[in-house]
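This is target38.pdb. It holds PDB, C-alpha atoms.
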ATOM      1  CA  MET L   1     142.264  68.569  88.671
ATOM      2  CA  ALA L   2     138.524  68.160  88.281
ATOM      3  CA  PHE L   3     136.664  70.114  85.663
ATOM      4  CA  MET L   4     133.343  71.618  86.662
ATOM      5  CA  ARG L   5     130.616  72.839  84.404
ATOM      6  CA  TYR L   6     129.046  76.030  85.665
ATOM      7  CA  ARG L   7     125.653  77.421  84.871
ATOM      8  CA  GLY L   8     125.772  80.654  82.885
ATOM      9  CA  LEU L   9     123.678  83.728  83.424
ATOM     10  CA  PRO L  10     120.254  83.822  81.758
ATOM     11  CA  GLN L  11     119.937  85.322  78.310
ATOM     12  CA  GLY L  12     119.130  88.992  78.060
ATOM     13  CA  GLU L  13     119.900  91.508  80.757
ATOM     14  CA  PRO L  14     120.406  89.670  84.076
ATOM     15  CA  THR L  15     119.077  91.052  87.344
ATOM     16  CA  VAL L  16     120.998  91.345  90.586
ATOM     17  CA  GLU L  17     119.219  88.183  91.800
ATOM     18  CA  ASP L  18     120.314  86.284  88.676
ATOM     19  CA  PHE L  19     123.853  87.534  89.206
ATOM     20  CA  ARG L  20     123.799  86.532  92.888
ATOM     21  CA  ALA L  21     122.541  83.025  92.045
ATOM     22  CA  TRP L  22     125.205  82.623  89.354
ATOM     23  CA  LEU L  23     127.932  83.893  91.663
ATOM     24  CA  ALA L  24     126.896  81.555  94.498
ATOM     25  CA  GLN L  25     128.078  78.504  92.560
ATOM     26  CA  PHE L  26     131.657  79.807  92.840
ATOM     27  CA  ASP L  27     131.536  80.116  96.644
ATOM     28  CA  ALA L  28     133.936  77.212  97.181
ATOM     29  CA  ASP L  29     133.950  77.256 100.977
ATOM     30  CA  ARG L  30     130.197  77.969 101.257
ATOM     31  CA  ASP L  31     130.707  80.782 103.763
ATOM     32  CA  GLY L  32     128.317  83.143 101.980
ATOM     33  CA  ARG L  33     130.987  85.555 100.792
ATOM     34  CA  ILE L  34     132.938  85.699  97.570
ATOM     35  CA  SER L  35     136.689  86.099  97.937
ATOM     36  CA  ARG L  36     138.974  87.508  95.271
ATOM     37  CA  GLU L  37     140.053  83.989  94.312
ATOM     38  CA  GLU L  38     136.450  82.815  93.969
ATOM     39  CA  LEU L  39     135.588  85.852  91.849
ATOM     40  CA  GLN L  40     138.656  85.125  89.731
ATOM     41  CA  ASN L  41     137.338  81.593  89.080
ATOM     42  CA  ALA L  42     133.942  83.039  88.148
ATOM     43  CA  LEU L  43     135.546  85.412  85.654
ATOM     44  CA  ARG L  44     137.696  82.632  84.221
ATOM     45  CA  SER L  45     134.526  80.619  83.559
ATOM     46  CA  LEU L  46     133.461  83.505  81.293
ATOM     47  CA  ASN L  47     136.813  83.463  79.481
ATOM     48  CA  VAL L  48     137.580  86.981  80.696
ATOM     49  CA  TRP L  49     141.117  88.116  79.992
ATOM     50  CA  PHE L  50     143.193  89.193  83.000
ATOM     51  CA  ALA L  51     140.672  87.607  85.369
ATOM     52  CA  TRP L  52     142.983  88.059  88.373
ATOM     53  CA  TRP L  53     143.257  91.795  87.703
ATOM     54  CA  LYS L  54     139.535  92.284  87.178
ATOM     55  CA  ALA L  55     138.705  90.176  90.241
ATOM     56  CA  ARG L  56     140.956  92.383  92.336
ATOM     57  CA  GLY L  57     139.247  95.487  90.978
ATOM     58  CA  GLY L  58     135.810  93.983  91.519
ATOM     59  CA  VAL L  59     136.457  93.145  95.160
ATOM     60  CA  ARG L  60     137.968  96.574  95.757
ATOM     61  CA  ALA L  61     134.929  98.263  94.213
ATOM     62  CA  ALA L  62     132.350  96.134  96.028
ATOM     63  CA  ASP L  63     133.899  95.489  99.438
ATOM     64  CA  ALA L  64     132.339  98.296 101.487
ATOM     65  CA  ASN L  65     133.556  97.046 104.877
ATOM     66  CA  ARG L  66     137.055  96.116 103.618
ATOM     67  CA  ASP L  67     137.019  92.553 104.950
ATOM     68  CA  GLY L  68     138.482  91.156 101.725
ATOM     69  CA  GLY L  69     135.313  89.624 100.300
ATOM     70  CA  VAL L  70     131.893  90.360  98.878
ATOM     71  CA  ALA L  71     128.978  89.471 101.142
ATOM     72  CA  GLY L  72     125.538  90.891 101.702
ATOM     73  CA  GLU L  73     123.034  92.480  99.387
ATOM     74  CA  GLU L  74     124.705  95.880  99.182
ATOM     75  CA  GLU L  75     128.121  94.490  98.279
ATOM     76  CA  VAL L  76     126.690  92.068  95.694
ATOM     77  CA  ALA L  77     124.784  94.981  94.139
ATOM     78  CA  ARG L  78     128.023  96.979  94.022
ATOM     79  CA  LEU L  79     129.819  94.035  92.397
ATOM     80  CA  PHE L  80     126.974  93.725  89.869
ATOM     81  CA  ALA L  81     127.342  97.433  89.019
ATOM     82  CA  PHE L  82     131.101  96.940  88.614
ATOM     83  CA  ALA L  83     130.520  93.972  86.316
ATOM     84  CA  GLN L  84     128.035  95.915  84.191
ATOM     85  CA  ARG L  85     130.447  98.829  83.863
ATOM     86  CA  ASN L  86     133.592  96.835  83.193
ATOM     87  CA  LEU L  87     132.361  93.557  81.668
ATOM     88  CA  HIS L  88     129.145  94.656  79.973
ATOM     89  CA  ALA L  89     129.812  92.840  76.727
ATOM     90  CA  LYS L  90     130.511  89.606  78.586
ATOM     91  CA  ILE L  91     127.375  89.863  80.761
ATOM     92  CA  ALA L  92     125.028  90.831  77.915
ATOM     93  CA  GLN L  93     126.006  87.944  75.639
ATOM     94  CA  LEU L  94     125.938  85.144  78.201
ATOM     95  CA  GLY L  95     123.605  82.242  77.851
ATOM     96  CA  TYR L  96     123.479  78.730  79.181
ATOM     97  CA  TYR L  97     126.528  76.630  78.327
TER      98      TYR L  97
END

Can the structure from this file be put into structure tokens for me?
Amino acid sequence: MAFMRYRGLPQGEPTVEDFRAWLAQFDADRDGRISREELQNALRSLNVWFAWWKARGGVRAADANRDGGVAGEEEVARLFAFAQRNLHAKIAQLGYY
């Protein structure tokens, strides 16, 4: 198993663009959409407890067209809103690792 070092979100309050750029590094298959498994890996990189559960909730909240992933500006914005609501402490205190 290879260990990867991911870039964290910028200090302060991140924007949707910052969030999108951070999330893009977890798009393992480079198809432009974030699956539940990819979101789970992103949350694990933040040391979020119950990452699988929160990833499932995040995809459910953001996936407007119900295709099983997060793609497009509207869905990423919905995922960002979900993350701010449910993971605010984690997002606000992130810096570069």

Separation of atom CA of Trp22 of chain L from atom CA of Gly69 of chain L in Å: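 We find that atom CA of Gly69 of chain L and atom CA of Trp22 of chain L lie 16.5 Å from each other.
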
Box centre and edge lengths (Å, one decimal), axis-aligned, segment 46-56 of chain L plus 8 Å each side, as AutoDock Vina command-line options:
--center_x 138.4 --center_y 87.9 --center_z 85.9 --size_x 25.8 --size_y 24.9 --size_z 28.9

Point-to-point distance in Å for atom CA of Arg20 of chain L and atom CA of Gly57 of chain L: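 For atom CA of Gly57 of chain L relative to atom CA of Arg20 of chain L, the distance reads 18.0 Å.
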
Using atom CA of Val59 of chain L and atom CA of Glu13 of chain L as the two end points, give the distance in Å to one decimal.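 Computing it gives 22.0 Å between the two atoms.
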
For the provided coordinates, the residues matched by the PyMOL selection byres ((chain L and resi 73-77) around 8) should be stated as a PyMOL selection string. chain L and resi 16+20+62-64+70-72+78-81

Write out as a PyMOL selection string each polymer residue whose atoms come within 8 Å of Asn41 of chain L, counting all atoms listed in the file; drop sequence neighbours fewer than 4 positions from it. chain L and resi 26+37+45+51

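Omitting Gln40 of chain L and its sequence neighbours fewer than 4 positions away, and counting all atoms listed in the file, the residues within 9 Å are Ser35, Arg36, Arg44, Ser45, Ala51, Trp52, Trp53, Lys54, Ala55 and Arg56 of chain L.
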
Between L:Leu87, L:Gln25, L:Gly68, L:Arg30, which has the minimum distance to Leu46 of chain L (counting only C-alpha atoms)?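 For Leu46 of chain L, the nearest of the candidates is L:Leu87.
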
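With distances restricted to all atoms listed in the file, L:Ala83 is the closest residue to Phe19 of chain L from L:Asn65, L:His88, L:Gly32, L:Ala83.
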
Extract, using only C-alpha atoms, all DNA, RNA and protein residues at most 9 Å from Asp27 of chain L, discarding same-chain residues fewer than 6 positions from it, and format them as an NGL selection string. :L and (33-35 or 38-39)

Give the answer as one residue: which of L:Asp67, L:Asp29, L:Ala61, L:Ala42 has the shortest atom-to-atom distance to Arg85 of chain L, using only C-alpha atoms?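 The closest residue to Arg85 of chain L is L:Ala61.
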